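Asks: Here you go, target-v7.txt (compact mmCIF, N, CA and C atoms):
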# COMPACT_ATOMS: atom_id res chain seq x y z
N PHE O 1 -131.14 -13.19 -89.52
CA PHE O 1 -132.35 -13.38 -90.30
C PHE O 1 -132.19 -14.45 -91.38
N LYS O 2 -131.01 -15.04 -91.45
CA LYS O 2 -130.75 -16.06 -92.48
C LYS O 2 -130.53 -17.41 -91.82
N LYS O 3 -130.80 -18.46 -92.56
CA LYS O 3 -130.53 -19.81 -92.08
C LYS O 3 -130.07 -20.65 -93.26
N ASN O 4 -129.61 -21.86 -92.99
CA ASN O 4 -129.10 -22.76 -94.03
C ASN O 4 -128.01 -22.09 -94.87
N ILE O 5 -127.10 -21.39 -94.21
CA ILE O 5 -126.04 -20.66 -94.90
C ILE O 5 -124.93 -21.63 -95.29
N SER O 6 -124.51 -21.56 -96.53
CA SER O 6 -123.40 -22.39 -97.02
C SER O 6 -122.63 -21.60 -98.07
N PRO O 7 -121.36 -21.92 -98.24
CA PRO O 7 -120.57 -21.19 -99.23
C PRO O 7 -121.05 -21.49 -100.65
N PHE O 8 -120.86 -20.52 -101.52
CA PHE O 8 -121.20 -20.70 -102.93
C PHE O 8 -119.99 -21.33 -103.61
N ILE O 9 -120.11 -22.62 -103.92
CA ILE O 9 -118.99 -23.32 -104.55
C ILE O 9 -119.20 -23.36 -106.06
N TYR O 10 -118.13 -23.54 -106.77
CA TYR O 10 -118.13 -23.59 -108.24
C TYR O 10 -118.66 -22.29 -108.85
N ALA O 11 -118.34 -21.16 -108.21
CA ALA O 11 -118.80 -19.87 -108.72
C ALA O 11 -118.21 -19.59 -110.10
N LEU O 12 -116.96 -19.95 -110.31
CA LEU O 12 -116.32 -19.70 -111.60
C LEU O 12 -117.00 -20.50 -112.70
N ASP O 13 -117.34 -21.75 -112.42
CA ASP O 13 -118.08 -22.56 -113.40
C ASP O 13 -119.43 -21.93 -113.71
N THR O 14 -120.07 -21.40 -112.68
CA THR O 14 -121.37 -20.74 -112.88
C THR O 14 -121.21 -19.54 -113.79
N ILE O 15 -120.20 -18.72 -113.54
CA ILE O 15 -119.97 -17.54 -114.37
C ILE O 15 -119.61 -17.94 -115.80
N HIS O 16 -118.84 -19.01 -115.93
CA HIS O 16 -118.47 -19.49 -117.28
C HIS O 16 -119.70 -19.92 -118.08
N SER O 17 -120.74 -20.32 -117.42
CA SER O 17 -121.93 -20.79 -118.14
C SER O 17 -122.82 -19.64 -118.60
N LEU O 18 -122.48 -18.41 -118.21
CA LEU O 18 -123.24 -17.24 -118.66
C LEU O 18 -122.51 -16.57 -119.81
N SER O 19 -123.27 -15.92 -120.67
CA SER O 19 -122.68 -15.23 -121.82
C SER O 19 -123.16 -13.80 -121.88
N GLY O 20 -122.22 -12.89 -121.80
CA GLY O 20 -122.56 -11.49 -122.02
C GLY O 20 -122.82 -11.27 -123.51
N VAL O 21 -123.84 -10.50 -123.82
CA VAL O 21 -124.20 -10.27 -125.23
C VAL O 21 -124.48 -8.79 -125.48
N ARG O 22 -124.36 -8.41 -126.72
CA ARG O 22 -124.81 -7.10 -127.19
C ARG O 22 -126.13 -7.33 -127.91
N PHE O 23 -127.04 -6.37 -127.79
CA PHE O 23 -128.35 -6.55 -128.43
C PHE O 23 -129.05 -5.22 -128.60
N ASP O 24 -130.08 -5.23 -129.43
CA ASP O 24 -130.98 -4.10 -129.60
C ASP O 24 -132.34 -4.51 -129.07
N TRP O 25 -133.02 -3.60 -128.41
CA TRP O 25 -134.37 -3.87 -127.91
C TRP O 25 -135.36 -3.84 -129.06
N LYS O 26 -136.32 -4.76 -129.07
CA LYS O 26 -137.37 -4.78 -130.10
C LYS O 26 -138.39 -3.67 -129.87
N THR O 27 -138.71 -3.42 -128.61
CA THR O 27 -139.83 -2.52 -128.30
C THR O 27 -139.40 -1.12 -127.90
N LYS O 28 -138.12 -0.87 -127.80
CA LYS O 28 -137.66 0.45 -127.38
C LYS O 28 -136.82 1.07 -128.49
N ASP O 29 -136.84 2.38 -128.54
CA ASP O 29 -136.01 3.09 -129.51
C ASP O 29 -134.62 3.24 -128.93
N MET O 30 -134.01 2.07 -128.67
CA MET O 30 -132.71 2.05 -128.02
C MET O 30 -131.86 0.99 -128.69
N THR O 31 -130.67 1.36 -129.10
CA THR O 31 -129.81 0.39 -129.77
C THR O 31 -128.50 0.28 -129.01
N GLY O 32 -127.78 -0.79 -129.28
CA GLY O 32 -126.45 -0.97 -128.73
C GLY O 32 -126.40 -1.25 -127.25
N ASP O 33 -127.36 -1.96 -126.71
CA ASP O 33 -127.34 -2.30 -125.29
C ASP O 33 -126.53 -3.58 -125.10
N PHE O 34 -126.25 -3.92 -123.85
CA PHE O 34 -125.53 -5.15 -123.55
C PHE O 34 -125.98 -5.68 -122.21
N GLY O 35 -125.79 -6.97 -122.00
CA GLY O 35 -126.19 -7.60 -120.75
C GLY O 35 -126.20 -9.10 -120.89
N LEU O 36 -127.10 -9.73 -120.18
CA LEU O 36 -127.27 -11.18 -120.22
C LEU O 36 -128.69 -11.48 -120.68
N ILE O 37 -128.92 -12.67 -121.18
CA ILE O 37 -130.26 -13.10 -121.57
C ILE O 37 -130.91 -13.77 -120.36
N ALA O 38 -132.04 -13.24 -119.94
CA ALA O 38 -132.69 -13.71 -118.71
C ALA O 38 -132.99 -15.21 -118.76
N GLU O 39 -133.41 -15.71 -119.89
CA GLU O 39 -133.73 -17.14 -120.00
C GLU O 39 -132.49 -18.00 -119.76
N ASP O 40 -131.32 -17.51 -120.21
CA ASP O 40 -130.07 -18.25 -119.98
C ASP O 40 -129.68 -18.21 -118.50
N VAL O 41 -129.82 -17.05 -117.89
CA VAL O 41 -129.49 -16.90 -116.47
C VAL O 41 -130.41 -17.78 -115.63
N ALA O 42 -131.67 -17.88 -116.01
CA ALA O 42 -132.65 -18.65 -115.25
C ALA O 42 -132.27 -20.12 -115.14
N THR O 43 -131.56 -20.65 -116.13
CA THR O 43 -131.17 -22.06 -116.07
C THR O 43 -130.07 -22.30 -115.06
N VAL O 44 -129.30 -21.25 -114.72
CA VAL O 44 -128.16 -21.39 -113.82
C VAL O 44 -128.43 -20.76 -112.45
N LEU O 45 -129.01 -19.58 -112.47
CA LEU O 45 -129.29 -18.83 -111.23
C LEU O 45 -130.73 -18.31 -111.27
N PRO O 46 -131.69 -19.20 -111.08
CA PRO O 46 -133.10 -18.80 -111.22
C PRO O 46 -133.53 -17.68 -110.29
N THR O 47 -132.91 -17.56 -109.13
CA THR O 47 -133.33 -16.50 -108.20
C THR O 47 -132.83 -15.12 -108.63
N ALA O 48 -131.97 -15.07 -109.63
CA ALA O 48 -131.49 -13.78 -110.13
C ALA O 48 -132.38 -13.24 -111.25
N VAL O 49 -133.43 -13.99 -111.57
CA VAL O 49 -134.32 -13.59 -112.66
C VAL O 49 -135.68 -13.21 -112.10
N THR O 50 -136.24 -12.15 -112.64
CA THR O 50 -137.59 -11.75 -112.25
C THR O 50 -138.58 -12.23 -113.31
N TYR O 51 -139.79 -12.48 -112.87
CA TYR O 51 -140.83 -13.02 -113.76
C TYR O 51 -142.06 -12.15 -113.68
N ASP O 52 -142.84 -12.13 -114.78
CA ASP O 52 -144.10 -11.41 -114.72
C ASP O 52 -145.18 -12.34 -114.15
N ILE O 53 -146.38 -11.85 -114.01
CA ILE O 53 -147.43 -12.64 -113.34
C ILE O 53 -147.81 -13.89 -114.11
N SER O 54 -147.51 -13.94 -115.40
CA SER O 54 -147.83 -15.14 -116.16
C SER O 54 -146.68 -16.14 -116.17
N GLY O 55 -145.57 -15.79 -115.51
CA GLY O 55 -144.46 -16.73 -115.40
C GLY O 55 -143.37 -16.55 -116.44
N TYR O 56 -143.51 -15.58 -117.33
CA TYR O 56 -142.47 -15.33 -118.33
C TYR O 56 -141.33 -14.53 -117.71
N THR O 57 -140.12 -14.81 -118.17
CA THR O 57 -138.99 -14.05 -117.65
C THR O 57 -139.14 -12.59 -118.02
N LYS O 58 -138.86 -11.75 -117.07
CA LYS O 58 -139.04 -10.32 -117.25
C LYS O 58 -137.71 -9.60 -117.30
N GLY O 59 -136.78 -10.00 -116.46
CA GLY O 59 -135.49 -9.33 -116.42
C GLY O 59 -134.56 -10.00 -115.44
N ILE O 60 -133.42 -9.38 -115.26
CA ILE O 60 -132.38 -9.91 -114.38
C ILE O 60 -132.14 -8.92 -113.26
N ASP O 61 -132.06 -9.44 -112.06
CA ASP O 61 -131.67 -8.64 -110.90
C ASP O 61 -130.15 -8.75 -110.80
N TYR O 62 -129.45 -7.84 -111.48
CA TYR O 62 -127.99 -7.92 -111.58
C TYR O 62 -127.31 -7.85 -110.21
N GLY O 63 -127.93 -7.23 -109.25
CA GLY O 63 -127.37 -7.16 -107.91
C GLY O 63 -127.20 -8.53 -107.29
N ARG O 64 -128.06 -9.46 -107.64
CA ARG O 64 -127.96 -10.82 -107.09
C ARG O 64 -126.76 -11.58 -107.64
N LEU O 65 -126.19 -11.10 -108.74
CA LEU O 65 -125.01 -11.75 -109.32
C LEU O 65 -123.73 -11.38 -108.57
N THR O 66 -123.78 -10.35 -107.75
CA THR O 66 -122.59 -9.83 -107.08
C THR O 66 -121.89 -10.90 -106.24
N ALA O 67 -122.62 -11.63 -105.42
CA ALA O 67 -122.00 -12.64 -104.55
C ALA O 67 -121.31 -13.73 -105.37
N VAL O 68 -121.92 -14.11 -106.48
CA VAL O 68 -121.33 -15.13 -107.34
C VAL O 68 -120.04 -14.59 -107.96
N LEU O 69 -120.08 -13.35 -108.41
CA LEU O 69 -118.89 -12.74 -109.01
C LEU O 69 -117.75 -12.61 -108.00
N ILE O 70 -118.08 -12.24 -106.77
CA ILE O 70 -117.06 -12.15 -105.72
C ILE O 70 -116.40 -13.50 -105.49
N GLU O 71 -117.20 -14.55 -105.39
CA GLU O 71 -116.64 -15.88 -105.16
C GLU O 71 -115.83 -16.36 -106.37
N ALA O 72 -116.24 -16.00 -107.58
CA ALA O 72 -115.49 -16.37 -108.78
C ALA O 72 -114.13 -15.67 -108.78
N VAL O 73 -114.08 -14.41 -108.38
CA VAL O 73 -112.81 -13.69 -108.29
C VAL O 73 -111.90 -14.36 -107.27
N LYS O 74 -112.46 -14.79 -106.15
CA LYS O 74 -111.67 -15.48 -105.13
C LYS O 74 -111.09 -16.79 -105.69
N GLU O 75 -111.91 -17.53 -106.45
CA GLU O 75 -111.43 -18.77 -107.05
C GLU O 75 -110.27 -18.48 -108.01
N LEU O 76 -110.41 -17.44 -108.82
CA LEU O 76 -109.33 -17.06 -109.73
C LEU O 76 -108.08 -16.66 -108.96
N SER O 77 -108.26 -15.94 -107.87
CA SER O 77 -107.13 -15.53 -107.04
C SER O 77 -106.39 -16.73 -106.49
N HIS O 78 -107.12 -17.74 -106.03
CA HIS O 78 -106.50 -18.97 -105.52
C HIS O 78 -105.71 -19.67 -106.64
N GLN O 79 -106.29 -19.69 -107.85
CA GLN O 79 -105.61 -20.32 -108.97
C GLN O 79 -104.32 -19.58 -109.32
N VAL O 80 -104.38 -18.25 -109.34
CA VAL O 80 -103.19 -17.44 -109.63
C VAL O 80 -102.11 -17.69 -108.59
N ASN O 81 -102.49 -17.68 -107.32
CA ASN O 81 -101.51 -17.92 -106.25
C ASN O 81 -100.88 -19.30 -106.37
N TYR O 82 -101.68 -20.30 -106.70
CA TYR O 82 -101.16 -21.66 -106.89
C TYR O 82 -100.16 -21.68 -108.04
N LEU O 83 -100.50 -21.04 -109.14
CA LEU O 83 -99.60 -21.01 -110.30
C LEU O 83 -98.31 -20.24 -109.98
N LYS O 84 -98.43 -19.17 -109.22
CA LYS O 84 -97.24 -18.42 -108.82
C LYS O 84 -96.31 -19.29 -107.98
N GLN O 85 -96.88 -20.01 -107.03
CA GLN O 85 -96.07 -20.87 -106.16
C GLN O 85 -95.39 -21.96 -106.97
N ASN O 86 -96.14 -22.58 -107.89
CA ASN O 86 -95.55 -23.63 -108.73
C ASN O 86 -94.50 -23.07 -109.66
N ASN O 87 -94.72 -21.90 -110.18
CA ASN O 87 -93.76 -21.26 -111.06
C ASN O 87 -92.47 -20.97 -110.30
N ASN O 88 -92.58 -20.47 -109.08
CA ASN O 88 -91.38 -20.22 -108.28
C ASN O 88 -90.63 -21.50 -107.96
N THR O 89 -91.35 -22.59 -107.73
CA THR O 89 -90.72 -23.88 -107.47
C THR O 89 -89.96 -24.36 -108.68
N ILE O 90 -90.54 -24.21 -109.86
CA ILE O 90 -89.90 -24.65 -111.10
C ILE O 90 -88.64 -23.82 -111.38
N ILE O 91 -88.73 -22.51 -111.17
CA ILE O 91 -87.60 -21.62 -111.44
C ILE O 91 -86.45 -21.90 -110.49
N ASN O 92 -86.75 -22.28 -109.27
CA ASN O 92 -85.71 -22.51 -108.25
C ASN O 92 -85.04 -23.88 -108.37
N ILE O 93 -85.49 -24.71 -109.28
CA ILE O 93 -84.91 -26.06 -109.42
C ILE O 93 -83.55 -25.98 -110.07
As structure tokens - that is how I would like this structure written.
Replies:
Amino acid sequence: FKKNISPFIYALDTIHSLSGVRFDWKTKDMTGDFGLIAEDVATVLPTAVTYDISGYTKGIDYGRLTAVLIEAVKELSHQVNYLKQNNNTIINI
């Protein structure tokens, strides 16, 4: 059911451009929440943001971030493995 499938590259850069924040809701009797700011996410991953009928950002579909996070973890894993290999080469000299 999908077409135009391609790998998500630069996932780690994408994640680096997001900022987790703590905040209090203005309209709810709820304090000490945390998450991302939808307007910030929209600049990087617009399909992860929901909008109301007038076009204002409404919220974040956090489930859509999962694939990006998985690819970012893989990128970090590759970096760690590379560093381990180089470290072993340096130690064996």
Asks: Running DSSP on the backbone, which parts of chain O land in strand (DSSP E), as JSON, numbers by chain?
Replies: {"O": [21, 22, 23, 33, 34, 35, 49, 50, 51, 57, 58, 59, 60]}
Asks: Could you check which residues have any atom within 12 Å of (-135.9, -13.9, -111.9), counting only C-alpha atoms with coordinates taken straight from the file, and then list them as a list in words?
Replies: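 Result, sorted by chain then residue number: Ile37, Ala38, Glu39, Asp40, Val41, Ala42, Thr43, Val44, Leu45, Pro46, Thr47, Ala48, Val49, Thr50, Tyr51, Asp52, Ile53, Gly55, Tyr56, Thr57, Lys58, Gly59, Ile60, Asp61, Tyr62, Gly63, Arg64 and Leu65 of chain O.
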Asks: So what do you get for atom C of O:Phe23 versus atom CA of O:Ala11, distance-wise?
Replies: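 So the two atoms, atom C of O:Phe23 and atom CA of O:Ala11, lie 26.7 Å apart.
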Asks: May I have the centre and edge lengths, in Å to one decimal, of an axis-aligned box around the listed atoms of stretch 36-40 of chain O with 4 Å added to every side, as lines of an AutoDock Vina configuration file?
Replies:
center_x = -130.4
center_y = -14.0
center_z = -120.0
size_x = 14.6
size_y = 16.5
size_z = 11.1
Asks: Please extract the residues of chain O with a backbone DSSP assignment of alpha helix (DSSP H) and present them as a count of residues only.
Replies: 39
Asks: Could you tell me how far atom CA of O:Lys74 sits from atom CA of O:Ser19, in Å to one decimal place?
Replies: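 Atom CA of O:Lys74 lies at a distance of 20.0 Å from atom CA of O:Ser19.
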Asks: Which of these residues is nearest to O:Leu18, using all atoms listed in the file: O:Leu69, O:Leu36, O:Ile90, O:Val80?
Replies: O:Leu36
Asks: Work out how far apart atom C of O:Tyr82 and atom C of O:Ile9 are and give it in Å to one decimal.
Replies: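 Atom C of O:Ile9 lies 19.2 Å from atom C of O:Tyr82.
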Asks: Which residue out of O:Asp33, O:Lys3, O:Lys28, O:Val73 has the minimum interatomic distance to O:Ile15 when only C-alpha atoms are used?
Replies: O:Val73
